[in-house]
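S.K.: Sharing a structure below in structure tokens format, with a few things to ask.
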Amino acid sequence: MLVRLLAAVLCVAGASGACHAEELVETGGFSLRYDDSVWVREASAPPTLLVLRCAAPTCPPHAVATFLSDERSLTNPGFGAFGPGAVTGAMIDLRIQSLTPGSRIRPRQPVEPVASGDMTGYRGLYDIEDRALAKTAAAIALLRLGNGTLEIRMKADRLMPADLVLFDRLVEKIELKD
């Protein structure tokens, strides 16, 4: 509350960069508040629930975030020979590969658990190679959404681990809709 009040005072005083408005979107069983100075909503067609293009100067080249709903449930972490969640981590990579037909997915790092509101899931950073051997990158999160899964994918020409902060800020603002 105090942070918003301070931001409002700075905005009225004309401080540069203090006037960030948040846009609210409610779709597909979830709601999202995003910074409309960073993300611009674009038209989407089913099965895509929402498309946001990153428009800030600090965005990776051609970064677009898409939100999709998948009817399949997301596995819960288990205990395997390599520690908690090792099998689940491998299964998440395979699940993401199945959600990317016609392309090869190469994980850059192991998946990590994430939480957003009442939803939990996993996030990973991937290199994607399509049939024409063109390469792009994607940060992909899979969150439990009721009995299904919400996939959030930020695809760009290239992504660095530091770009995950931008993606994580977007994912953190997702909440289950009543």
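Letters for chains follow the order of the structure tokens (A, B, ...), residue numbers begin at 1 for each chain, and ligand numbers begin at 1 in the order shown.
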Show which residues sit within 10 Å of A:Ala132, as a PyMOL selection string. Count only C-alpha atoms, and ignore same-chain residues fewer than 3 positions away.
M.R.: chain A and resi 102-103+129+135
S.K.: I'd like the neighbourhood of A:Pro161 as a PyMOL selection string, where a residue qualifies if any of its atoms comes within 10 Å (using only C-alpha atoms), though same-chain residues fewer than 4 positions away should be ignored.
M.R.: chain A and resi 108-109+125+139+165
S.K.: Next, write the just-selected residues to a file, as a PDB file, in the first residue's frame, keeping all heavy atoms as the atom set.
M.R.:
ATOM      1  N   ARG A 108      18.490 -25.688 -20.995  1.00  0.00           N
ATOM      2  CA  ARG A 108      19.760 -25.046 -20.649  1.00  0.00           C
ATOM      3  C   ARG A 108      20.141 -25.292 -19.205  1.00  0.00           C
ATOM      4  O   ARG A 108      21.313 -25.150 -18.846  1.00  0.00           O
ATOM      5  CB  ARG A 108      19.652 -23.534 -20.850  1.00  0.00           C
ATOM      6  CG  ARG A 108      19.719 -23.110 -22.263  1.00  0.00           C
ATOM      7  CD  ARG A 108      20.114 -21.643 -22.311  1.00  0.00           C
ATOM      8  NE  ARG A 108      19.507 -20.993 -23.441  1.00  0.00           N
ATOM      9  CZ  ARG A 108      19.410 -19.691 -23.570  1.00  0.00           C
ATOM     10  NH1 ARG A 108      19.847 -18.903 -22.628  1.00  0.00           N
ATOM     11  NH2 ARG A 108      18.862 -19.187 -24.639  1.00  0.00           N
ATOM     12  N   GLN A 109      19.140 -25.568 -18.383  1.00  0.00           N
ATOM     13  CA  GLN A 109      19.359 -25.787 -16.963  1.00  0.00           C
ATOM     14  C   GLN A 109      18.218 -26.652 -16.443  1.00  0.00           C
ATOM     15  O   GLN A 109      17.200 -26.780 -17.105  1.00  0.00           O
ATOM     16  CB  GLN A 109      19.416 -24.454 -16.222  1.00  0.00           C
ATOM     17  CG  GLN A 109      18.131 -23.646 -16.354  1.00  0.00           C
ATOM     18  CD  GLN A 109      18.286 -22.218 -15.872  1.00  0.00           C
ATOM     19  OE1 GLN A 109      19.355 -21.643 -15.988  1.00  0.00           O
ATOM     20  NE2 GLN A 109      17.230 -21.668 -15.324  1.00  0.00           N
ATOM     21  N   LEU A 125      14.425 -22.941 -18.736  1.00  0.00           N
ATOM     22  CA  LEU A 125      14.954 -22.126 -19.834  1.00  0.00           C
ATOM     23  C   LEU A 125      15.434 -23.095 -20.919  1.00  0.00           C
ATOM     24  O   LEU A 125      16.185 -24.027 -20.636  1.00  0.00           O
ATOM     25  CB  LEU A 125      16.108 -21.249 -19.336  1.00  0.00           C
ATOM     26  CG  LEU A 125      16.740 -20.283 -20.319  1.00  0.00           C
ATOM     27  CD1 LEU A 125      15.718 -19.279 -20.839  1.00  0.00           C
ATOM     28  CD2 LEU A 125      17.899 -19.551 -19.660  1.00  0.00           C
ATOM     29  N   ALA A 139      11.584 -19.266 -22.202  1.00  0.00           N
ATOM     30  CA  ALA A 139      11.390 -19.548 -20.787  1.00  0.00           C
ATOM     31  C   ALA A 139       9.975 -20.100 -20.711  1.00  0.00           C
ATOM     32  O   ALA A 139       9.038 -19.492 -21.225  1.00  0.00           O
ATOM     33  CB  ALA A 139      11.531 -18.289 -19.958  1.00  0.00           C
ATOM     34  N   VAL A 165      14.217 -12.873 -15.026  1.00  0.00           N
ATOM     35  CA  VAL A 165      13.619 -11.953 -14.052  1.00  0.00           C
ATOM     36  C   VAL A 165      12.350 -11.340 -14.639  1.00  0.00           C
ATOM     37  O   VAL A 165      11.320 -11.266 -13.974  1.00  0.00           O
ATOM     38  CB  VAL A 165      14.633 -10.853 -13.644  1.00  0.00           C
ATOM     39  CG1 VAL A 165      13.974  -9.800 -12.777  1.00  0.00           C
ATOM     40  CG2 VAL A 165      15.825 -11.480 -12.949  1.00  0.00           C
TER      41      VAL A 165
END
S.K.: List as a list in words the protein and nucleic acid residues near A:Thr75, meaning an atom at most 9 Å away when only C-alpha atoms are counted, but skip any in the same chain fewer than 3 places from it.
M.R.: Gly78, Thr88, Met91, Ile92, Gly121 and Arg144 of chain A
S.K.: Can you work out which one of A:Leu49, A:Leu170, A:Ile128, A:Leu176 has the shortest atom-to-atom distance to A:Asp35, counting only C-alpha atoms?
M.R.: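 Looking only at the distances to A:Asp35, the closest residue turns out to be A:Leu170.
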S.K.: Pick out each residue of chain A that DSSP on the backbone tags as strand (DSSP E or B); I need them as a PyMOL selection string.
M.R.: chain A and resi 22-27+30-35+39-42+48-54+64-70+79-80+83-84+103-107+112-116+119-130+135-145+148-156+174-176
S.K.: Counting only C-alpha atoms, what is within 12 Å of A:Val171, bar same-chain residues fewer than 2 positions away, as an mmCIF file with N, CA and C atoms, in the first residue's frame?
M.R.:
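Writing done, so here's out-v3.cif:
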data_model
loop_
_atom_site.group_PDB
_atom_site.id
_atom_site.type_symbol
_atom_site.label_atom_id
_atom_site.label_comp_id
_atom_site.auth_asym_id
_atom_site.auth_seq_id
_atom_site.Cartn_x
_atom_site.Cartn_y
_atom_site.Cartn_z
ATOM 1 N N PHE A 30 -7.872 -18.025 -14.762
ATOM 2 C CA PHE A 30 -6.853 -17.280 -14.030
ATOM 3 C C PHE A 30 -6.981 -15.792 -14.336
ATOM 4 N N SER A 31 -6.356 -14.993 -13.475
ATOM 5 C CA SER A 31 -6.272 -13.556 -13.731
ATOM 6 C C SER A 31 -4.804 -13.150 -13.679
ATOM 7 N N LEU A 32 -4.489 -12.089 -14.382
ATOM 8 C CA LEU A 32 -3.114 -11.605 -14.467
ATOM 9 C C LEU A 32 -3.117 -10.088 -14.469
ATOM 10 N N ARG A 33 -2.293 -9.508 -13.624
ATOM 11 C CA ARG A 33 -2.040 -8.064 -13.652
ATOM 12 C C ARG A 33 -0.631 -7.880 -14.219
ATOM 13 N N TYR A 34 -0.543 -7.143 -15.326
ATOM 14 C CA TYR A 34 0.768 -6.933 -15.935
ATOM 15 C C TYR A 34 1.006 -5.443 -16.148
ATOM 16 N N ALA A 65 5.039 -13.452 -24.925
ATOM 17 C CA ALA A 65 4.573 -14.406 -23.924
ATOM 18 C C ALA A 65 3.202 -14.927 -24.335
ATOM 19 N N THR A 66 3.046 -16.239 -24.352
ATOM 20 C CA THR A 66 1.755 -16.845 -24.676
ATOM 21 C C THR A 66 1.295 -17.690 -23.489
ATOM 22 N N PHE A 67 -0.015 -17.734 -23.310
ATOM 23 C CA PHE A 67 -0.635 -18.484 -22.227
ATOM 24 C C PHE A 67 -1.584 -19.502 -22.843
ATOM 25 N N VAL A 114 8.230 -23.257 -9.104
ATOM 26 C CA VAL A 114 7.762 -21.872 -9.015
ATOM 27 C C VAL A 114 6.391 -21.866 -8.351
ATOM 28 N N ALA A 115 6.038 -20.733 -7.784
ATOM 29 C CA ALA A 115 4.720 -20.560 -7.183
ATOM 30 C C ALA A 115 4.184 -19.204 -7.598
ATOM 31 N N SER A 116 2.883 -19.157 -7.836
ATOM 32 C CA SER A 116 2.215 -17.910 -8.192
ATOM 33 C C SER A 116 0.822 -17.945 -7.585
ATOM 34 N N GLY A 117 0.583 -17.071 -6.615
ATOM 35 C CA GLY A 117 -0.700 -17.100 -5.932
ATOM 36 C C GLY A 117 -0.896 -18.465 -5.305
ATOM 37 N N MET A 119 -1.132 -21.213 -7.104
ATOM 38 C CA MET A 119 -0.696 -22.208 -8.084
ATOM 39 C C MET A 119 0.786 -22.512 -7.907
ATOM 40 N N THR A 120 1.135 -23.765 -8.144
ATOM 41 C CA THR A 120 2.532 -24.184 -8.106
ATOM 42 C C THR A 120 2.856 -24.896 -9.406
ATOM 43 N N GLY A 121 4.131 -24.982 -9.712
ATOM 44 C CA GLY A 121 4.542 -25.650 -10.938
ATOM 45 C C GLY A 121 6.037 -25.592 -11.111
ATOM 46 N N TYR A 122 6.467 -25.518 -12.372
ATOM 47 C CA TYR A 122 7.889 -25.581 -12.710
ATOM 48 C C TYR A 122 8.205 -24.600 -13.822
ATOM 49 N N ARG A 123 9.472 -24.128 -13.839
ATOM 50 C CA ARG A 123 9.929 -23.222 -14.881
ATOM 51 C C ARG A 123 11.296 -23.677 -15.360
ATOM 52 N N ALA A 139 11.584 -19.266 -22.202
ATOM 53 C CA ALA A 139 11.390 -19.548 -20.787
ATOM 54 C C ALA A 139 9.975 -20.100 -20.711
ATOM 55 N N ILE A 140 9.818 -21.263 -20.107
ATOM 56 C CA ILE A 140 8.515 -21.929 -20.089
ATOM 57 C C ILE A 140 8.176 -22.316 -18.654
ATOM 58 N N ALA A 141 6.957 -21.946 -18.248
ATOM 59 C CA ALA A 141 6.453 -22.338 -16.933
ATOM 60 C C ALA A 141 5.190 -23.164 -17.132
ATOM 61 N N LEU A 142 5.074 -24.215 -16.354
ATOM 62 C CA LEU A 142 3.860 -25.022 -16.302
ATOM 63 C C LEU A 142 3.325 -24.918 -14.879
ATOM 64 N N LEU A 143 2.083 -24.429 -14.738
ATOM 65 C CA LEU A 143 1.455 -24.261 -13.428
ATOM 66 C C LEU A 143 0.203 -25.118 -13.336
ATOM 67 N N LEU A 150 -1.608 -24.785 -16.842
ATOM 68 C CA LEU A 150 -1.448 -23.526 -17.554
ATOM 69 C C LEU A 150 -0.002 -23.442 -18.012
ATOM 70 N N GLU A 151 0.195 -23.281 -19.323
ATOM 71 C CA GLU A 151 1.544 -23.129 -19.876
ATOM 72 C C GLU A 151 1.770 -21.665 -20.186
ATOM 73 N N ILE A 152 2.857 -21.101 -19.665
ATOM 74 C CA ILE A 152 3.268 -19.738 -19.982
ATOM 75 C C ILE A 152 4.623 -19.860 -20.662
ATOM 76 N N ARG A 153 4.710 -19.322 -21.868
ATOM 77 C CA ARG A 153 5.922 -19.457 -22.676
ATOM 78 C C ARG A 153 6.354 -18.081 -23.164
ATOM 79 N N MET A 154 7.557 -17.636 -22.768
ATOM 80 C CA MET A 154 8.122 -16.405 -23.310
ATOM 81 C C MET A 154 9.189 -16.808 -24.307
ATOM 82 N N LEU A 164 15.193 -14.056 -17.301
ATOM 83 C CA LEU A 164 14.223 -14.807 -16.512
ATOM 84 C C LEU A 164 13.555 -13.932 -15.460
ATOM 85 N N VAL A 165 14.217 -12.873 -15.026
ATOM 86 C CA VAL A 165 13.619 -11.953 -14.052
ATOM 87 C C VAL A 165 12.350 -11.340 -14.639
ATOM 88 N N LEU A 166 12.401 -10.915 -15.882
ATOM 89 C CA LEU A 166 11.235 -10.352 -16.568
ATOM 90 C C LEU A 166 10.111 -11.388 -16.642
ATOM 91 N N PHE A 167 10.450 -12.607 -17.006
ATOM 92 C CA PHE A 167 9.472 -13.685 -17.098
ATOM 93 C C PHE A 167 8.894 -14.014 -15.721
ATOM 94 N N ASP A 168 9.761 -14.120 -14.720
ATOM 95 C CA ASP A 168 9.307 -14.461 -13.372
ATOM 96 C C ASP A 168 8.365 -13.399 -12.812
ATOM 97 N N ARG A 169 8.621 -12.130 -13.095
ATOM 98 C CA ARG A 169 7.724 -11.055 -12.641
ATOM 99 C C ARG A 169 6.335 -11.222 -13.235
ATOM 100 N N LYS A 173 2.502 -12.777 -11.002
ATOM 101 C CA LYS A 173 1.263 -12.015 -10.894
ATOM 102 C C LYS A 173 0.031 -12.781 -11.365
ATOM 103 N N ILE A 174 0.196 -14.070 -11.623
ATOM 104 C CA ILE A 174 -0.943 -14.903 -12.042
ATOM 105 C C ILE A 174 -1.646 -15.418 -10.787
ATOM 106 N N GLU A 175 -2.971 -15.345 -10.793
ATOM 107 C CA GLU A 175 -3.763 -15.848 -9.673
ATOM 108 C C GLU A 175 -4.936 -16.653 -10.197
#
S.K.: How would you write, as a ChimeraX atom specification, the set of residues in chain A that DSSP gives as helix (DSSP H, G or I)?
M.R.: /A:2-12,86-98,161-172
S.K.: Could you state the separation of atom CA of A:Ala137 and atom CA of A:Ala156 in Å, given to one decimal place?
M.R.: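 Those two atoms sit 5.5 Å apart.
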S.K.: Atom CA of A:Leu24 and atom CA of A:Pro46, how far apart in Å?
M.R.: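 These two atoms are separated by 19.8 Å.
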S.K.: Could you check which of A:Glu71, A:Glu26, A:Asp118, A:Asp127 is closest to A:Asp93, using only C-alpha atoms?
M.R.: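 The shortest atom-to-atom distance to A:Asp93 comes from A:Asp127.
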S.K.: Between A:Val111, A:Leu145, A:Ile105, A:Cys59, which is the closest to A:Asp130 once you count only C-alpha atoms?
M.R.: A:Ile105
S.K.: Have a look at atom CA of A:Arg131 and atom CA of A:Pro101 and let me know their distance in Å, one decimal.
M.R.: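 A separation of 9.9 Å between them.
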S.K.: Excluding A:Cys54 and residues on its chain fewer than 4 positions from it, collect all residues at most 8 Å away from it, counting only C-alpha atoms, and give them as a PyMOL selection string.
M.R.: chain A and resi 38-40+59-60+62-65
S.K.: Go ahead and write the residues just picked, C-alpha atoms, as a PDB file, in the first residue's frame.
M.R.:
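Below is the file that was written, part.pdb:
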ATOM      1  CA  VAL A  38       6.378  -3.412 -20.507  1.00  0.00           C
ATOM      2  CA  TRP A  39       3.761  -5.747 -22.019  1.00  0.00           C
ATOM      3  CA  VAL A  40       1.294  -5.039 -24.853  1.00  0.00           C
ATOM      4  CA  CYS A  59      13.117  -6.676 -23.424  1.00  0.00           C
ATOM      5  CA  PRO A  60      14.929  -9.443 -25.263  1.00  0.00           C
ATOM      6  CA  HIS A  62      11.115 -10.252 -30.353  1.00  0.00           C
ATOM      7  CA  ALA A  63       9.931 -11.461 -26.931  1.00  0.00           C
ATOM      8  CA  VAL A  64       6.337 -12.696 -26.836  1.00  0.00           C
ATOM      9  CA  ALA A  65       4.573 -14.406 -23.924  1.00  0.00           C
TER      10      ALA A  65
END
